[in-house]
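A.B. asks: If you scroll down you'll find the structure; I have some questions about it.
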Amino acid sequence: MAIQERVAGIDKRWAEYPAEEWADAVVASMKLGGIDHLFFVSGSEIGFYQEATAKAQELGRLSPRLITMMHEQTALNAALGVAMVTGQPAATAAHVDVGTFNYGAALHTAWKGSYPVLMTSGTGPRAYPGTMAGARNGAIQWYQEPRDQGEILRQYTKMDHRMEGQDNPGLMISRLLQVAMSEPRGPVYLAFPREAAMTPLAGGRVRFPTRDQLGLARPSWPDPDDAREVARWLIEADNPCIYTANSGRNPESVEELVRLAELLAVPVMQDRLSAALSFPSTHPLFGTGPAPRDADALLIVESTVPWIPPHDAPSPDAKVAWVDVDPVQSRYKTMEWQADLWLAVDAASAARAIHDAAAAMLTQSDMNRIADRRARLERRKRELEAQAEEAAQRAGHRRPIHPRWVAHQIGQVLEPDAILLDDALSNSGFLQTYYRRSQPGTVFKSGGSSGGWGAGAAFGAKLASPERDVVLAVGDGFFMFDNPIAALWTAAHHKAPFLSVVFVNRSYSTGTTGLRNTYPEGMAAEKGNYDGGVFDPPPDYAKMAETVNGYGENVRDPEEVGPALRRGLAAVRNGSPAVIAVWLPTLVEEMNLS
Ligand SMILES: Cc1ncc(C[n+]2csc(CCOP(=O)(O)OP(=O)(O)O)c2C)c(N)n1
Ligand SMILES: [Mg+2]
């Protein structure tokens, strides 16, 4: 019996969609589930995606846009870029086990960064030749079948599935997307055999529930007693502070956190590893707080590592409240944090509830104390900004160029709504000091620890927000991990150009400053032998842009940094990807300079 006859009418709330084979149902369900882009790297068994999307385009049916990509890691990072900017899922398609392996370290980023992406790959056909549509028809297919394809990446997914004969294909996509999009969000994987994808649907119609018909759970509200308790700790404290990192992944949380912080004049510190801007960096309360060990009431808001124990840990007398949809961080293994209250809620609801509880209990004397603190923190912010500006101006005179100056100049050229991707590693701190970002959704980091994220994610971000500038600030080592030519080609070809600012120190901090920190008295440091940490001379990053008819420039003069960035942005606004490679001292030289 054909599948359509089996599923038709199972649930009358499910709409009917035109589909001649399973692949048609799958692309329709993807689109209905919020997927606009399918990042595709070719393989003989995944031609069904090309056929289904081409057919949908021609017949005006629902389907994501198929985006031709040149490398699977770039494809997955591009999907992460779309998800990070839109909050909606994106999908990838790769070739059998080998393409799945090529997703590579982007799998780590997808998982640790909680991106709701649908990763797929075809499987090597295994049906006996001629017995069904999609069956084996080439010698290579005998090589392609692993014992269990999902096993390759299972520990980096919330759920994985191999599409099989008893499935309703549209339902399975909706279900995978429901899981990916429900908090804590995360990647899901589908192994899609060609034989399954090409299964005919009798009658040319199929029924399935959409992702939203299955439903996404709504964020919960904290217990009002808990909200009052945290409000009381923050009000009574002399030195309270909010420590955040990733809450800005939901842009709505930023406004709620600002309201709470302003009501009580609580400063907000954002971790350097933050996946998104969680608080406006220009706000007087931003960056003016105490270190965790000096605070007496700490509100941790979606931060994975708010301090390094034991040295930086809060005092035993301090009150600690920890807000996260998964506050015990079940995706991470060894965690030794302690808190007085764990609140399993999202940042926006928690901030709103604590704000409302606090507003109802503030006394006049509380408000006077808070006003004093506000004035003190505003003064502190002005001092910090003046010091940072002075340091930047001094750095601006140094030859060779100081990375602090590059970060400062990036801050000067960004439009308020520009999207900045920070993959600048050892220079990320400078970037945070100078980027001056106030709008939610204007700064992102990978959310994981893998190199290779930036250029693919920047392409995805631009594809999803064509009207905004997208700027990638990236270490020269990580830029090479990005598959730069593949990413730049896709940016040029699909008219989604971004500006890459490469910090050319010809070094890995891991293998230079990191090595010296690990072996301060070691032979390598004593002799200045940093083999393994320095790659000098480097490839010409600017020429990489030229290989795809983009704009590239090497900059060695501090006065040229700003003008070069503006030329790069102009090129990008004219439709070409641009690479501005700024030459710095190597990190070995920098250790002796500063
Ligand atoms: C895939 C991957 N391989 C290796 C590392 C280890 N690693 C962390 S930082 C770093 C150095 C990156 O160099 P670069 O991008 O030039 O930045 P810099 O250290 O110069 O600031 C390396 C190799 C990693 N994070 N990811
Ligand atoms: Mg480097």
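Order determines the names: the first chain of the structure tokens is A, the second B, and so forth; residues in each chain are numbered 1 upward, and ligands are numbered 1 upward as they are shown.
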Within 8 Å of Ile46 of chain A, counting only C-alpha atoms, which residues show up once you throw out same-chain ones fewer than 5 positions away? Write them as a list in words, please.
C.D. replies: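 Close residues of Ile46 of chain A: Ala93, Ala94, His95, Ser121, Gly122 and Arg194 of chain A.
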A.B. asks: Write the residues of the selection above to a file with N, CA, C and O atoms, as an mmCIF file, in the first residue's frame.
C.D. replies:
data_model
loop_
_atom_site.group_PDB
_atom_site.id
_atom_site.type_symbol
_atom_site.label_atom_id
_atom_site.label_comp_id
_atom_site.auth_asym_id
_atom_site.auth_seq_id
_atom_site.Cartn_x
_atom_site.Cartn_y
_atom_site.Cartn_z
ATOM 1 N N ALA A 93 22.797 20.029 3.608
ATOM 2 C CA ALA A 93 22.772 18.706 2.987
ATOM 3 C C ALA A 93 24.187 18.345 2.575
ATOM 4 O O ALA A 93 24.895 19.160 1.962
ATOM 5 N N ALA A 94 24.594 17.123 2.918
ATOM 6 C CA ALA A 94 25.957 16.679 2.620
ATOM 7 C C ALA A 94 25.919 15.254 2.081
ATOM 8 O O ALA A 94 24.923 14.539 2.220
ATOM 9 N N HIS A 95 27.036 14.846 1.512
ATOM 10 C CA HIS A 95 27.153 13.572 0.821
ATOM 11 C C HIS A 95 27.598 12.449 1.776
ATOM 12 O O HIS A 95 28.684 12.502 2.342
ATOM 13 N N SER A 121 22.282 14.384 5.692
ATOM 14 C CA SER A 121 23.107 13.850 4.618
ATOM 15 C C SER A 121 22.369 12.685 3.998
ATOM 16 O O SER A 121 21.501 12.066 4.640
ATOM 17 N N GLY A 122 22.705 12.422 2.742
ATOM 18 C CA GLY A 122 22.176 11.231 2.104
ATOM 19 C C GLY A 122 22.931 10.025 2.640
ATOM 20 O O GLY A 122 23.953 10.164 3.311
ATOM 21 N N ARG A 194 18.641 7.658 -0.234
ATOM 22 C CA ARG A 194 18.090 8.052 -1.536
ATOM 23 C C ARG A 194 16.832 7.256 -1.855
ATOM 24 O O ARG A 194 15.862 7.790 -2.396
#
A.B. asks: What residues have any atom no more than 9 Å from ligand 2 when counting only C-alpha atoms and all ligand atoms, and can you list them as a list of chain:residue names?
C.D. replies: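 Checking only C-alpha atoms and all ligand atoms against ligand 2 at 9 Å gives A:Ala424, A:Leu425, A:Ser426, A:Val474, A:Gly475, A:Asp476, A:Gly477, A:Phe478, A:Phe479, A:Val502, A:Phe503, A:Val504, A:Asn505, A:Arg506, A:Ser507, A:Tyr508, A:Ser509, A:Gly533, A:Val534, A:Phe535, A:Thr586, A:Leu587.
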A.B. asks: Can you work out the spacing between atom CA of Phe48 of chain A and atom CA of Met198 of chain A in Å, to one decimal?
C.D. replies: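 Rounded to one decimal, the two atoms are 7.1 Å apart.
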A.B. asks: Counting only C-alpha atoms, figure out which residue out of A:Glu559, A:Asp372, A:Pro310, A:Asp212 gets nearest to Gln393 of chain A.
C.D. replies: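 Of A:Glu559, A:Asp372, A:Pro310, A:Asp212, the one nearest Gln393 of chain A is A:Glu559, counting only C-alpha atoms.
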A.B. asks: Please run DSSP on the backbone and report, as a CSV table (one decimal) with N, CA and C atoms, in the first residue's frame, all residues within segment 371-588 of chain A that come out as alpha helix (DSSP H).
C.D. replies:
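selection01.csv was written with the following content:
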chain,number,residue,atom,x,y,z
A,371,ALA,N,20.5,55.3,44.1
A,371,ALA,CA,20.8,56.5,43.3
A,371,ALA,C,22.3,56.8,43.5
A,372,ASP,N,22.8,56.6,44.7
A,372,ASP,CA,24.2,56.8,44.9
A,372,ASP,C,25.1,55.9,44.1
A,373,ARG,N,24.7,54.6,44.1
A,373,ARG,CA,25.4,53.6,43.3
A,373,ARG,C,25.4,54.0,41.8
A,374,ARG,N,24.2,54.4,41.4
A,374,ARG,CA,24.1,54.7,40.0
A,374,ARG,C,25.1,55.9,39.6
A,375,ALA,N,25.1,56.9,40.4
A,375,ALA,CA,26.0,58.0,40.2
A,375,ALA,C,27.5,57.5,40.2
A,376,ARG,N,27.8,56.6,41.1
A,376,ARG,CA,29.2,56.1,41.2
A,376,ARG,C,29.5,55.3,39.9
A,377,LEU,N,28.6,54.4,39.5
A,377,LEU,CA,28.9,53.6,38.3
A,377,LEU,C,28.9,54.4,37.0
A,378,GLU,N,28.1,55.5,37.0
A,378,GLU,CA,28.2,56.3,35.8
A,378,GLU,C,29.6,57.0,35.7
A,379,ARG,N,30.0,57.5,36.9
A,379,ARG,CA,31.4,58.1,36.9
A,379,ARG,C,32.4,57.1,36.5
A,380,ARG,N,32.3,55.9,37.0
A,380,ARG,CA,33.3,54.8,36.7
A,380,ARG,C,33.3,54.5,35.1
A,381,LYS,N,32.1,54.5,34.6
A,381,LYS,CA,32.0,54.2,33.1
A,381,LYS,C,32.7,55.3,32.3
A,382,ARG,N,32.5,56.6,32.7
A,382,ARG,CA,33.1,57.7,32.0
A,382,ARG,C,34.6,57.6,32.1
A,383,GLU,N,35.1,57.2,33.4
A,383,GLU,CA,36.6,57.1,33.5
A,383,GLU,C,37.1,55.9,32.6
A,384,LEU,N,36.4,54.8,32.6
A,384,LEU,CA,36.9,53.7,31.9
A,384,LEU,C,36.9,54.0,30.4
A,385,GLU,N,35.9,54.7,29.9
A,385,GLU,CA,35.9,55.1,28.5
A,385,GLU,C,37.0,56.1,28.2
A,386,ALA,N,37.2,57.0,29.1
A,386,ALA,CA,38.3,58.0,28.8
A,386,ALA,C,39.7,57.3,28.8
A,387,GLN,N,39.9,56.3,29.7
A,387,GLN,CA,41.1,55.6,29.7
A,387,GLN,C,41.3,54.8,28.4
A,388,ALA,N,40.2,54.1,28.0
A,388,ALA,CA,40.3,53.3,26.8
A,388,ALA,C,40.6,54.2,25.6
A,389,GLU,N,40.0,55.3,25.5
A,389,GLU,CA,40.2,56.2,24.4
A,389,GLU,C,41.6,56.7,24.3
A,390,GLU,N,42.1,57.0,25.5
A,390,GLU,CA,43.5,57.5,25.6
A,390,GLU,C,44.5,56.4,25.2
A,391,ALA,N,44.2,55.2,25.7
A,391,ALA,CA,45.1,54.0,25.3
A,391,ALA,C,45.0,53.8,23.8
A,392,ALA,N,43.9,53.9,23.2
A,392,ALA,CA,43.7,53.7,21.8
A,392,ALA,C,44.5,54.8,21.0
A,393,GLN,N,44.4,56.0,21.4
A,393,GLN,CA,45.1,57.1,20.7
A,393,GLN,C,46.6,56.8,20.8
A,394,ARG,N,47.1,56.4,22.0
A,394,ARG,CA,48.5,56.1,22.1
A,394,ARG,C,48.9,54.9,21.2
A,395,ALA,N,48.0,53.9,21.2
A,395,ALA,CA,48.3,52.7,20.3
A,395,ALA,C,48.3,53.1,18.9
A,403,PRO,N,47.2,46.0,17.8
A,403,PRO,CA,45.8,45.4,17.6
A,403,PRO,C,44.7,46.2,18.3
A,404,ARG,N,45.1,46.9,19.3
A,404,ARG,CA,44.1,47.8,20.0
A,404,ARG,C,43.6,48.8,19.1
A,405,TRP,N,44.5,49.4,18.3
A,405,TRP,CA,44.1,50.4,17.3
A,405,TRP,C,43.2,49.9,16.2
A,406,VAL,N,43.4,48.6,15.8
A,406,VAL,CA,42.5,48.0,14.8
A,406,VAL,C,41.1,47.9,15.4
A,407,ALA,N,41.0,47.4,16.6
A,407,ALA,CA,39.7,47.3,17.3
A,407,ALA,C,39.0,48.6,17.4
A,408,HIS,N,39.8,49.6,17.8
A,408,HIS,CA,39.3,51.0,17.9
A,408,HIS,C,38.7,51.5,16.6
A,409,GLN,N,39.5,51.2,15.5
A,409,GLN,CA,39.1,51.7,14.2
A,409,GLN,C,37.8,50.9,13.7
A,410,ILE,N,37.7,49.7,14.0
A,410,ILE,CA,36.5,48.9,13.6
A,410,ILE,C,35.3,49.6,14.3
A,411,GLY,N,35.5,49.9,15.6
A,411,GLY,CA,34.4,50.5,16.3
A,411,GLY,C,33.9,51.8,15.7
A,412,GLN,N,34.9,52.5,15.0
A,412,GLN,CA,34.6,53.8,14.4
A,412,GLN,C,33.8,53.7,13.1
A,413,VAL,N,34.0,52.6,12.4
A,413,VAL,CA,33.3,52.5,11.1
A,413,VAL,C,32.0,51.7,11.1
A,428,SER,N,40.0,39.7,21.0
A,428,SER,CA,38.6,39.9,21.2
A,428,SER,C,38.3,40.9,22.4
A,429,GLY,N,39.2,40.9,23.4
A,429,GLY,CA,39.0,41.9,24.5
A,429,GLY,C,39.1,43.3,24.0
A,430,PHE,N,40.0,43.6,23.1
A,430,PHE,CA,40.1,44.9,22.5
A,430,PHE,C,38.8,45.2,21.7
A,431,LEU,N,38.3,44.2,21.0
A,431,LEU,CA,37.1,44.5,20.2
A,431,LEU,C,36.0,44.8,21.1
A,432,GLN,N,35.8,44.1,22.2
A,432,GLN,CA,34.7,44.4,23.1
A,432,GLN,C,34.8,45.8,23.7
A,433,THR,N,36.0,46.2,24.0
A,433,THR,CA,36.2,47.5,24.6
A,433,THR,C,35.8,48.6,23.6
A,434,TYR,N,36.0,48.4,22.3
A,434,TYR,CA,35.9,49.5,21.4
A,434,TYR,C,34.7,49.3,20.4
A,454,GLY,N,33.9,31.6,11.5
A,454,GLY,CA,33.6,33.0,11.1
A,454,GLY,C,33.1,33.2,9.7
A,455,ALA,N,33.9,32.8,8.7
A,455,ALA,CA,33.5,33.3,7.3
A,455,ALA,C,32.2,32.6,6.9
A,456,GLY,N,32.0,31.3,7.2
A,456,GLY,CA,30.7,30.7,6.8
A,456,GLY,C,29.6,31.4,7.5
A,457,ALA,N,29.7,31.6,8.8
A,457,ALA,CA,28.7,32.3,9.6
A,457,ALA,C,28.4,33.7,9.1
A,458,ALA,N,29.4,34.4,8.7
A,458,ALA,CA,29.2,35.8,8.2
A,458,ALA,C,28.4,35.7,6.9
A,459,PHE,N,28.8,34.8,6.0
A,459,PHE,CA,28.0,34.6,4.8
A,459,PHE,C,26.5,34.3,5.1
A,460,GLY,N,26.3,33.4,6.1
A,460,GLY,CA,24.9,33.1,6.4
A,460,GLY,C,24.2,34.3,7.0
A,461,ALA,N,24.9,35.1,7.9
A,461,ALA,CA,24.3,36.2,8.5
A,461,ALA,C,23.9,37.3,7.4
A,462,LYS,N,24.8,37.4,6.4
A,462,LYS,CA,24.5,38.4,5.4
A,462,LYS,C,23.3,37.9,4.5
A,463,LEU,N,23.3,36.6,4.2
A,463,LEU,CA,22.2,36.1,3.4
A,463,LEU,C,20.8,36.4,4.1
A,464,ALA,N,20.9,36.3,5.4
A,464,ALA,CA,19.6,36.4,6.2
A,464,ALA,C,19.3,37.9,6.5
A,476,ASP,N,44.2,35.5,12.1
A,476,ASP,CA,44.7,35.0,10.8
A,476,ASP,C,44.7,33.4,10.8
A,477,GLY,N,44.9,32.8,12.0
A,477,GLY,CA,44.9,31.4,12.0
A,477,GLY,C,43.5,30.9,11.8
A,478,PHE,N,42.5,31.4,12.5
A,478,PHE,CA,41.1,31.0,12.4
A,478,PHE,C,40.6,31.3,11.0
A,479,PHE,N,41.1,32.4,10.4
A,479,PHE,CA,40.6,32.7,9.0
A,479,PHE,C,40.9,31.5,8.1
A,480,MET,N,42.1,30.9,8.3
A,480,MET,CA,42.5,29.8,7.4
A,480,MET,C,41.6,28.6,7.7
A,481,PHE,N,41.2,28.4,9.0
A,481,PHE,CA,40.3,27.3,9.4
A,481,PHE,C,38.9,27.5,8.8
A,484,PRO,N,38.6,29.9,3.7
A,484,PRO,CA,38.2,31.3,3.2
A,484,PRO,C,37.8,31.3,1.8
A,485,ILE,N,38.5,30.6,0.9
A,485,ILE,CA,38.2,30.7,-0.5
A,485,ILE,C,36.8,30.2,-0.8
A,486,ALA,N,36.4,29.1,-0.1
A,486,ALA,CA,35.1,28.5,-0.3
A,486,ALA,C,34.0,29.5,0.2
A,487,ALA,N,34.3,30.2,1.4
A,487,ALA,CA,33.3,31.1,1.9
A,487,ALA,C,33.3,32.4,1.1
A,488,LEU,N,34.4,32.9,0.6
A,488,LEU,CA,34.4,34.1,-0.2
A,488,LEU,C,33.7,33.9,-1.5
A,489,TRP,N,33.9,32.7,-2.1
A,489,TRP,CA,33.3,32.4,-3.3
A,489,TRP,C,31.7,32.4,-3.1
A,490,THR,N,31.3,31.8,-2.1
A,490,THR,CA,29.8,31.7,-1.9
A,490,THR,C,29.3,33.1,-1.7
A,491,ALA,N,30.0,33.9,-0.9
A,491,ALA,CA,29.6,35.3,-0.7
A,491,ALA,C,29.5,36.1,-2.0
A,492,ALA,N,30.5,35.9,-2.9
A,492,ALA,CA,30.4,36.6,-4.2
A,492,ALA,C,29.3,36.1,-5.0
A,493,HIS,N,29.3,34.7,-5.1
A,493,HIS,CA,28.3,34.1,-6.0
A,493,HIS,C,26.9,34.4,-5.7
A,513,THR,N,52.0,32.8,23.1
A,513,THR,CA,51.7,33.3,24.5
A,513,THR,C,51.2,32.1,25.3
A,514,GLY,N,50.4,31.3,24.7
A,514,GLY,CA,49.8,30.1,25.5
A,514,GLY,C,51.0,29.2,25.9
A,515,LEU,N,51.9,28.9,25.0
A,515,LEU,CA,53.0,28.0,25.3
A,515,LEU,C,53.8,28.6,26.4
A,516,ARG,N,54.1,29.9,26.3
A,516,ARG,CA,54.9,30.5,27.3
A,516,ARG,C,54.2,30.5,28.7
A,517,ASN,N,52.9,30.7,28.7
A,517,ASN,CA,52.2,30.6,30.0
A,517,ASN,C,52.2,29.2,30.6
A,518,THR,N,52.2,28.1,29.7
A,518,THR,CA,52.3,26.8,30.2
A,518,THR,C,53.7,26.4,30.7
A,523,MET,N,62.3,25.5,27.7
A,523,MET,CA,63.3,25.7,26.7
A,523,MET,C,62.8,26.5,25.6
A,524,ALA,N,61.5,26.3,25.2
A,524,ALA,CA,61.0,27.0,24.0
A,524,ALA,C,61.0,28.5,24.3
A,525,ALA,N,60.5,28.9,25.5
A,525,ALA,CA,60.4,30.3,25.8
A,525,ALA,C,61.9,30.9,26.0
A,526,GLU,N,62.7,30.1,26.6
A,526,GLU,CA,64.1,30.6,26.9
A,526,GLU,C,64.8,30.9,25.5
A,527,LYS,N,64.7,30.0,24.6
A,527,LYS,CA,65.4,30.1,23.3
A,527,LYS,C,64.6,30.9,22.3
A,541,TYR,N,46.2,37.1,2.4
A,541,TYR,CA,44.8,37.0,2.6
A,541,TYR,C,44.0,37.9,1.7
A,542,ALA,N,44.6,39.1,1.4
A,542,ALA,CA,43.9,40.0,0.5
A,542,ALA,C,43.7,39.5,-0.9
A,543,LYS,N,44.8,38.7,-1.3
A,543,LYS,CA,44.6,38.1,-2.6
A,543,LYS,C,43.5,37.1,-2.7
A,544,MET,N,43.2,36.5,-1.5
A,544,MET,CA,42.1,35.5,-1.5
A,544,MET,C,40.8,36.1,-2.0
A,545,ALA,N,40.6,37.4,-1.5
A,545,ALA,CA,39.4,38.1,-2.0
A,545,ALA,C,39.5,38.3,-3.5
A,546,GLU,N,40.7,38.6,-4.0
A,546,GLU,CA,40.8,38.8,-5.4
A,546,GLU,C,40.5,37.6,-6.3
A,558,PRO,N,49.4,52.5,10.5
A,558,PRO,CA,48.3,52.7,11.4
A,558,PRO,C,47.3,53.8,10.8
A,559,GLU,N,47.8,54.7,10.1
A,559,GLU,CA,46.9,55.8,9.6
A,559,GLU,C,46.0,55.2,8.5
A,560,GLU,N,46.4,54.1,7.9
A,560,GLU,CA,45.6,53.6,6.8
A,560,GLU,C,44.5,52.6,7.3
A,561,VAL,N,44.5,52.3,8.6
A,561,VAL,CA,43.6,51.2,9.0
A,561,VAL,C,42.1,51.7,8.8
A,562,GLY,N,41.8,52.9,9.3
A,562,GLY,CA,40.4,53.4,9.1
A,562,GLY,C,40.0,53.6,7.7
A,563,PRO,N,40.9,54.3,6.9
A,563,PRO,CA,40.5,54.4,5.5
A,563,PRO,C,40.4,53.1,4.7
A,564,ALA,N,41.2,52.1,5.1
A,564,ALA,CA,41.1,50.8,4.4
A,564,ALA,C,39.8,50.1,4.8
A,565,LEU,N,39.5,50.2,6.1
A,565,LEU,CA,38.2,49.6,6.5
A,565,LEU,C,37.0,50.2,5.7
A,566,ARG,N,37.1,51.5,5.5
A,566,ARG,CA,36.0,52.2,4.8
A,566,ARG,C,36.0,51.8,3.3
A,567,ARG,N,37.2,51.6,2.7
A,567,ARG,CA,37.2,51.1,1.4
A,567,ARG,C,36.6,49.7,1.3
A,568,GLY,N,37.0,48.9,2.3
A,568,GLY,CA,36.4,47.5,2.3
A,568,GLY,C,34.9,47.5,2.4
A,569,LEU,N,34.4,48.4,3.3
A,569,LEU,CA,32.9,48.5,3.5
A,569,LEU,C,32.3,49.0,2.2
A,570,ALA,N,32.9,49.9,1.5
A,570,ALA,CA,32.3,50.5,0.3
A,570,ALA,C,32.3,49.3,-0.7
A,571,ALA,N,33.3,48.5,-0.8
A,571,ALA,CA,33.3,47.4,-1.8
A,571,ALA,C,32.2,46.4,-1.5
A,572,VAL,N,32.0,46.2,-0.2
A,572,VAL,CA,30.9,45.2,0.3
A,572,VAL,C,29.6,45.8,-0.1
A,573,ARG,N,29.4,47.1,0.1
A,573,ARG,CA,28.1,47.7,-0.2
A,573,ARG,C,27.9,47.7,-1.7
A,587,LEU,N,53.0,37.4,17.6
A,587,LEU,CA,52.8,37.4,19.1
A,587,LEU,C,54.1,37.2,19.8
A,588,VAL,N,55.1,36.6,19.2
A,588,VAL,CA,56.4,36.5,19.8
A,588,VAL,C,57.0,37.9,19.9
A.B. asks: Need the shell around Ser576 of chain A: protein/DNA/RNA residues with any atom at most 7 Å away, counting only C-alpha atoms. Skip same-chain ones fewer than 6 positions apart. Format as an MDAnalysis selection string?
C.D. replies: chainID A and resid 492 497 550:551
A.B. asks: Go ahead and dump the residues you just picked, C-alpha atoms, as a short mmCIF file (atom, residue, chain, number, x, y, z; two decimals), in the first residue's frame.
C.D. replies:
data_model
loop_
_atom_site.label_atom_id
_atom_site.label_comp_id
_atom_site.auth_asym_id
_atom_site.auth_seq_id
_atom_site.Cartn_x
_atom_site.Cartn_y
_atom_site.Cartn_z
CA ALA A 492 30.42 36.63 -4.16
CA PRO A 497 29.17 39.92 0.66
CA GLY A 550 36.41 40.66 -4.37
CA TYR A 551 38.33 43.54 -2.80
#
A.B. asks: Between atom CA of Ser220 of chain A and atom CA of Gly33 of chain A, what distance in Å does the model show, to one decimal?
C.D. replies: 22.5 Å
A.B. asks: Using only C-alpha atoms and all ligand atoms, find the one residue out of A:Tyr103, A:Tyr115, A:Phe444, A:Tyr519 that sits nearest to ligand 1.
C.D. replies: A:Tyr103
A.B. asks: Would you kindly return, as number ranges by chain, each protein, DNA or RNA residue with an atom no farther than 7 Å from any atom of Met163 of chain A, considering only C-alpha atoms and excluding same-chain residues fewer than 4 positions away?
C.D. replies: A: 167, 191-193, 196
A.B. asks: Pick the closest to Ser315 of chain A from A:Ile173, A:Val328, A:Ala291, A:Val26: which is it, counting only C-alpha atoms?
C.D. replies: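 Closest candidate: A:Ala291.
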